[in-house]
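**Student:** Got a structure here, written out as structure tokens. Questions coming.
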Amino acid sequence: MTSIRIAELAFLIKENTFKVDEYMRRNGLPSPTFDEDGPVDFKIQSREIQEARAIAIDSTLELHQLLLGPALCLRPVLNGTSLQAIYRYDIASKIPIHGEVSFKELAHKCGLNEIHLRRFLRFAMVWHRVFQEPRKGIVAHTAASRKLVEDPLARAGLGYMFDEVWQSFAQTFEAMDTFQSDEPNKTGWNLSQHTEKPTWEYYASHPEMASRFAASMSLFSDSIGASPSFLVQGYPWSSIGDGRGTIVDVGGSRGFQCVAIAQSFPDLHFVVQDLPDMIDGAKNALPTNVESRISFMEHDFFTEQPVSADIYLFRIIFHNWSDANVIKILKATVPAMQSGARVVVNDYLILEPGILPPIREREVRAMDMIMLSLFNSREREKEDWQSIFQQADARFTNVKVWVPEGATLAIIEATLE
Ligand SMILES: C[S@@+](CC[C@H](N)C(=O)[O-])C[C@H]1O[C@@H](n2cnc3c(N)ncnc32)[C@H](O)[C@@H]1O
């Protein structure tokens, strides 16, 4: 049977890769390459071709694992040290674009032992296609390392992943055994950062980490399936208060989701609530065409909601909190809600195993594991969302859950009757 499957996968890879290749040629798009000048964003607009790309990726993953065999699948080399070093010593920015540098000189520039530098970079070259060695002992950029030089968000995302997320993974079981708690300050992240404060509180006194986190979030929001445009197009905003309603974006960060909605719906009004450090100076950074309709307010969402509105939006908030804490947040929201007001959640949704294409299921399950290590929280299935709303207030009826086509995040809507 296996030999049939590997041949089938090889066929799928060929058929779908050809489709992507043909689309790129037809649209004058550069073909993917690891070279320094290679494209970092493929700019595939067609849904069909995005699907073909996903099938090719899923098939290559499965074929790769089948050909490795179970013994090697059980021995992955999951080592983040090399990418962590690249971030920590800001190695990419020390290599000129379209230039090259020797390991020796680069080690000197980074203040690193040459042997360590060489092992970090050669690992990154063969595992991640970050940097290349055009001649022995000489380092130059690839498309990935160049992106680290040119895109501060990509750099922030790398730092967040390896300085915080990976460290938390390693301490997760220790935290589970030690604390046996689902509170957000009893996690692998807390042990790895040596703090008893929950993340958000800790960030308040560590502004560099807070802004690195915010940058990582906006990097993530720019990725195809998480773009704010899915929530803009996937929800009937024009019907809210006859198109003139008020939306409170709870934990709305610096308001970029509200900006996206406001730009498409010119009569809606928005209040972005978040902790003081997160919104500091955010009003001044708003685009002028929506500035008059978006205000910012300091608000801790565990305290009673002070604003009466049509919609309370929680975008990528609840997946950071345990069920008990989500229920507390909802209970604090309810007193401000008139009958008919709605809570709209834009967050992950776990489907039954095998329903999503493997590459998408991997993403959601990876996020679910990250939530455990960072926040003692979890991603949820449809029934989990329904149960949480019911536990928060029995008047939350008719909880609707849907995923806009192509989106990573689901929309969960609960109306207070
Ligand atoms: C994962 S981010 C999501 C931000 C934004 N909604 C988005 O879609 O990108 C979580 C946000 O919750 C905010 N937050 C955390 N604890 C909070 C609290 N107790 N009250 C209000 N906001 C809080 C954080 O500052 C952060 O901006």
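We name chains A, B, ... following the order of the structure tokens; residues begin at 1 in each chain, and ligands are numbered from 1 as shown.
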For ligand 1, collect every residue having any atom at a distance of at most 8 Å from a ligand atom (counting only C-alpha atoms and all ligand atoms); output as a ChimeraX atom specification.
**Tutor:** /A:200-201,214,217-218,221,249-257,273-275,277-278,298-302,314-317,320,346
**Student:** Which residues come within 12 Å of Asp37 of chain A, counting only C-alpha atoms, excluding same-chain residues fewer than 4 positions away, as a ChimeraX atom specification?
**Tutor:** /A:30-33,41,97-98,140-147
**Student:** What is the atom CA of Pro306 of chain A-atom CA of Val232 of chain A distance in Å, reported with one decimal?
**Tutor:**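 Distance reported for this atom pair: 25.1 Å.
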**Student:** Excluding Phe396 of chain A and its own-chain neighbours fewer than 6 positions away, which residues fall within 6 Å of it when counting only C-alpha atoms? Please give them as JSON, numbers by chain.
**Tutor:** {"A": [414, 415, 416]}
**Student:** Residues of segment 36-106 of chain A classed as alpha helix (DSSP H) by DSSP on the backbone are to be reported as number ranges by chain.
**Tutor:** A: 47-68, 70-73, 81-88, 103-106
**Student:** Could the residues in this selection be written to a file with N, CA and C atoms, as an mmCIF file, in the first residue's frame?
**Tutor:**
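This went into out.cif:
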```cif
data_model
loop_
_atom_site.group_PDB
_atom_site.id
_atom_site.type_symbol
_atom_site.label_atom_id
_atom_site.label_comp_id
_atom_site.auth_asym_id
_atom_site.auth_seq_id
_atom_site.Cartn_x
_atom_site.Cartn_y
_atom_site.Cartn_z
ATOM 1 N N ARG A 47 -7.307 32.001 -5.333
ATOM 2 C CA ARG A 47 -7.620 30.982 -4.306
ATOM 3 C C ARG A 47 -7.190 29.595 -4.780
ATOM 4 N N GLU A 48 -7.505 29.340 -6.091
ATOM 5 C CA GLU A 48 -7.227 28.004 -6.627
ATOM 6 C C GLU A 48 -5.722 27.704 -6.564
ATOM 7 N N ILE A 49 -4.930 28.728 -6.872
ATOM 8 C CA ILE A 49 -3.474 28.504 -6.879
ATOM 9 C C ILE A 49 -2.924 28.440 -5.452
ATOM 10 N N GLN A 50 -3.541 29.206 -4.541
ATOM 11 C CA GLN A 50 -3.140 29.065 -3.133
ATOM 12 C C GLN A 50 -3.412 27.643 -2.649
ATOM 13 N N GLU A 51 -4.555 27.097 -3.103
ATOM 14 C CA GLU A 51 -4.885 25.716 -2.720
ATOM 15 C C GLU A 51 -3.891 24.724 -3.328
ATOM 16 N N ALA A 52 -3.527 24.966 -4.585
ATOM 17 C CA ALA A 52 -2.563 24.071 -5.249
ATOM 18 C C ALA A 52 -1.238 24.099 -4.480
ATOM 19 N N ARG A 53 -0.842 25.291 -4.068
ATOM 20 C CA ARG A 53 0.413 25.420 -3.306
ATOM 21 C C ARG A 53 0.306 24.637 -1.990
ATOM 22 N N ALA A 54 -0.876 24.772 -1.319
ATOM 23 C CA ALA A 54 -1.057 24.070 -0.039
ATOM 24 C C ALA A 54 -1.015 22.550 -0.249
ATOM 25 N N ILE A 55 -1.641 22.073 -1.338
ATOM 26 C CA ILE A 55 -1.622 20.615 -1.590
ATOM 27 C C ILE A 55 -0.190 20.151 -1.842
ATOM 28 N N ALA A 56 0.565 20.957 -2.609
ATOM 29 C CA ALA A 56 1.960 20.573 -2.882
ATOM 30 C C ALA A 56 2.760 20.529 -1.578
ATOM 31 N N ILE A 57 2.531 21.517 -0.701
ATOM 32 C CA ILE A 57 3.280 21.526 0.562
ATOM 33 C C ILE A 57 2.885 20.321 1.426
ATOM 34 N N ASP A 58 1.564 20.101 1.573
ATOM 35 C CA ASP A 58 1.106 18.951 2.372
ATOM 36 C C ASP A 58 1.671 17.639 1.830
ATOM 37 N N SER A 59 1.663 17.522 0.507
ATOM 38 C CA SER A 59 2.122 16.260 -0.097
ATOM 39 C C SER A 59 3.624 16.077 0.097
ATOM 40 N N THR A 60 4.376 17.182 -0.003
ATOM 41 C CA THR A 60 5.831 17.031 0.193
ATOM 42 C C THR A 60 6.130 16.651 1.644
ATOM 43 N N LEU A 61 5.345 17.229 2.571
ATOM 44 C CA LEU A 61 5.561 16.879 3.989
ATOM 45 C C LEU A 61 5.303 15.390 4.217
ATOM 46 N N GLU A 62 4.161 14.930 3.674
ATOM 47 C CA GLU A 62 3.809 13.516 3.896
ATOM 48 C C GLU A 62 4.815 12.593 3.220
ATOM 49 N N LEU A 63 5.190 12.963 1.988
ATOM 50 C CA LEU A 63 6.150 12.117 1.265
ATOM 51 C C LEU A 63 7.491 12.079 2.015
ATOM 52 N N HIS A 64 7.901 13.237 2.485
ATOM 53 C CA HIS A 64 9.157 13.338 3.225
ATOM 54 C C HIS A 64 9.120 12.400 4.438
ATOM 55 N N GLN A 65 7.998 12.439 5.177
ATOM 56 C CA GLN A 65 7.937 11.628 6.393
ATOM 57 C C GLN A 65 7.816 10.138 6.073
ATOM 58 N N LEU A 66 7.102 9.812 4.964
ATOM 59 C CA LEU A 66 7.013 8.398 4.586
ATOM 60 C C LEU A 66 8.383 7.856 4.196
ATOM 61 N N LEU A 67 9.122 8.692 3.456
ATOM 62 C CA LEU A 67 10.426 8.213 3.000
ATOM 63 C C LEU A 67 11.457 8.188 4.130
ATOM 64 N N LEU A 68 11.271 9.056 5.117
ATOM 65 C CA LEU A 68 12.151 8.981 6.296
ATOM 66 C C LEU A 68 11.903 7.683 7.060
ATOM 67 N N PRO A 70 9.305 5.642 10.146
ATOM 68 C CA PRO A 70 8.923 5.977 11.528
ATOM 69 C C PRO A 70 10.111 6.183 12.451
ATOM 70 N N ALA A 71 11.175 5.453 12.268
ATOM 71 C CA ALA A 71 12.302 5.591 13.207
ATOM 72 C C ALA A 71 12.867 7.006 13.153
ATOM 73 N N LEU A 72 13.037 7.545 11.948
ATOM 74 C CA LEU A 72 13.599 8.897 11.841
ATOM 75 C C LEU A 72 12.573 9.967 12.202
ATOM 76 N N CYS A 73 11.270 9.669 11.977
ATOM 77 C CA CYS A 73 10.243 10.640 12.396
ATOM 78 C C CYS A 73 10.284 10.840 13.912
ATOM 79 N N THR A 81 18.830 26.854 18.781
ATOM 80 C CA THR A 81 19.989 27.646 19.212
ATOM 81 C C THR A 81 20.561 28.491 18.083
ATOM 82 N N SER A 82 20.603 27.902 16.892
ATOM 83 C CA SER A 82 21.213 28.601 15.771
ATOM 84 C C SER A 82 20.415 29.865 15.415
ATOM 85 N N LEU A 83 19.093 29.744 15.295
ATOM 86 C CA LEU A 83 18.281 30.930 14.963
ATOM 87 C C LEU A 83 18.275 31.928 16.122
ATOM 88 N N GLN A 84 18.359 31.404 17.328
ATOM 89 C CA GLN A 84 18.406 32.304 18.483
ATOM 90 C C GLN A 84 19.693 33.136 18.438
ATOM 91 N N ALA A 85 20.796 32.499 18.063
ATOM 92 C CA ALA A 85 22.074 33.226 17.970
ATOM 93 C C ALA A 85 22.000 34.284 16.872
ATOM 94 N N ILE A 86 21.356 33.927 15.771
ATOM 95 C CA ILE A 86 21.251 34.886 14.653
ATOM 96 C C ILE A 86 20.489 36.126 15.104
ATOM 97 N N TYR A 87 19.453 35.920 15.912
ATOM 98 C CA TYR A 87 18.711 37.063 16.449
ATOM 99 C C TYR A 87 19.547 37.817 17.483
ATOM 100 N N ARG A 88 20.073 37.068 18.442
ATOM 101 C CA ARG A 88 20.727 37.697 19.592
ATOM 102 C C ARG A 88 21.929 38.534 19.182
ATOM 103 N N PHE A 103 33.903 34.141 7.792
ATOM 104 C CA PHE A 103 33.478 33.751 9.148
ATOM 105 C C PHE A 103 34.322 34.495 10.181
ATOM 106 N N LYS A 104 35.607 34.620 9.869
ATOM 107 C CA LYS A 104 36.527 35.237 10.831
ATOM 108 C C LYS A 104 36.124 36.689 11.117
ATOM 109 N N GLU A 105 35.914 37.433 10.030
ATOM 110 C CA GLU A 105 35.572 38.846 10.205
ATOM 111 C C GLU A 105 34.196 39.004 10.869
ATOM 112 N N LEU A 106 33.270 38.132 10.453
ATOM 113 C CA LEU A 106 31.920 38.205 11.013
ATOM 114 C C LEU A 106 31.938 37.883 12.514
#
```
**Student:** Could you state the separation of atom CA of Asp177 of chain A and atom CA of Arg378 of chain A in Å, given to one decimal place?
**Tutor:** 18.0 Å
**Student:** May I have the residues within 10 Å of Val399 of chain A as an mmCIF file with N, CA, C and O atoms, in the first residue's frame, using only C-alpha atoms and disregarding those fewer than 4 positions away in the same chain?
**Tutor:**
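Full text of around.cif as output:
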```
data_model
loop_
_atom_site.group_PDB
_atom_site.id
_atom_site.type_symbol
_atom_site.label_atom_id
_atom_site.label_comp_id
_atom_site.auth_asym_id
_atom_site.auth_seq_id
_atom_site.Cartn_x
_atom_site.Cartn_y
_atom_site.Cartn_z
ATOM 1 N N ARG A 342 -23.941 42.419 21.118
ATOM 2 C CA ARG A 342 -23.263 41.157 20.785
ATOM 3 C C ARG A 342 -21.805 41.168 21.213
ATOM 4 O O ARG A 342 -21.157 42.225 21.181
ATOM 5 N N VAL A 343 -21.344 39.975 21.528
ATOM 6 C CA VAL A 343 -19.903 39.769 21.674
ATOM 7 C C VAL A 343 -19.445 39.093 20.383
ATOM 8 O O VAL A 343 -20.047 38.107 19.942
ATOM 9 N N VAL A 344 -18.422 39.667 19.747
ATOM 10 C CA VAL A 344 -17.862 39.042 18.544
ATOM 11 C C VAL A 344 -16.414 38.663 18.847
ATOM 12 O O VAL A 344 -15.599 39.508 19.224
ATOM 13 N N LYS A 382 -15.854 24.238 18.583
ATOM 14 C CA LYS A 382 -17.139 24.946 18.547
ATOM 15 C C LYS A 382 -17.933 24.756 19.853
ATOM 16 O O LYS A 382 -18.429 25.707 20.453
ATOM 17 N N GLU A 383 -17.982 23.502 20.320
ATOM 18 C CA GLU A 383 -18.764 23.205 21.537
ATOM 19 C C GLU A 383 -18.152 23.911 22.753
ATOM 20 O O GLU A 383 -18.852 24.299 23.685
ATOM 21 N N TRP A 385 -16.682 26.840 22.750
ATOM 22 C CA TRP A 385 -17.115 28.247 22.714
ATOM 23 C C TRP A 385 -18.550 28.362 23.214
ATOM 24 O O TRP A 385 -18.889 29.243 24.013
ATOM 25 N N GLN A 386 -19.413 27.440 22.736
ATOM 26 C CA GLN A 386 -20.820 27.512 23.147
ATOM 27 C C GLN A 386 -20.951 27.336 24.650
ATOM 28 O O GLN A 386 -21.673 28.071 25.334
ATOM 29 N N SER A 387 -20.191 26.395 25.199
ATOM 30 C CA SER A 387 -20.277 26.127 26.629
ATOM 31 C C SER A 387 -19.769 27.323 27.451
ATOM 32 O O SER A 387 -20.369 27.682 28.475
ATOM 33 N N PHE A 389 -19.828 30.539 26.677
ATOM 34 C CA PHE A 389 -20.826 31.616 26.689
ATOM 35 C C PHE A 389 -21.995 31.261 27.627
ATOM 36 O O PHE A 389 -22.477 32.108 28.369
ATOM 37 N N GLN A 390 -22.419 30.012 27.586
ATOM 38 C CA GLN A 390 -23.519 29.592 28.447
ATOM 39 C C GLN A 390 -23.146 29.734 29.922
ATOM 40 O O GLN A 390 -23.950 30.162 30.746
ATOM 41 N N ILE A 412 -16.860 34.111 16.086
ATOM 42 C CA ILE A 412 -17.838 33.525 17.002
ATOM 43 C C ILE A 412 -18.694 34.694 17.486
ATOM 44 O O ILE A 412 -18.162 35.673 18.025
ATOM 45 N N GLU A 413 -19.988 34.585 17.269
ATOM 46 C CA GLU A 413 -20.866 35.701 17.624
ATOM 47 C C GLU A 413 -21.901 35.226 18.646
ATOM 48 O O GLU A 413 -22.551 34.201 18.437
ATOM 49 N N ALA A 414 -22.013 35.974 19.745
ATOM 50 C CA ALA A 414 -23.020 35.623 20.761
ATOM 51 C C ALA A 414 -23.834 36.867 21.075
ATOM 52 O O ALA A 414 -23.275 37.925 21.379
ATOM 53 N N THR A 415 -25.150 36.716 20.978
ATOM 54 C CA THR A 415 -26.038 37.861 21.226
ATOM 55 C C THR A 415 -26.641 37.721 22.627
ATOM 56 O O THR A 415 -27.037 36.631 23.026
ATOM 57 N N LEU A 416 -26.676 38.840 23.356
ATOM 58 C CA LEU A 416 -27.300 38.815 24.686
ATOM 59 C C LEU A 416 -28.794 39.081 24.528
ATOM 60 O O LEU A 416 -29.176 40.165 24.093
#
```
**Student:** From the set A:Ser322, A:Ser292, A:Ser377, A:Thr195, which residue has the shortest atom-to-atom contact distance to Asp267 of chain A, counting only C-alpha atoms?
**Tutor:**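 Looking at the shortest contact to Asp267 of chain A, the residue is A:Ser292.
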**Student:** Any idea what the distance is between atom CA of Ser339 of chain A and atom CA of Asp310 of chain A?
**Tutor:**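 Separating atom CA of Ser339 of chain A from atom CA of Asp310 of chain A is a distance of 9.6 Å.
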**Student:** Which residue is closest to Val326 of chain A? Choose from A:Lys186, A:Val345, A:Ile411, A:Lys43 and count only C-alpha atoms.
**Tutor:**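 Once distances to Val326 of chain A are computed over only C-alpha atoms, the minimum belongs to A:Val345.
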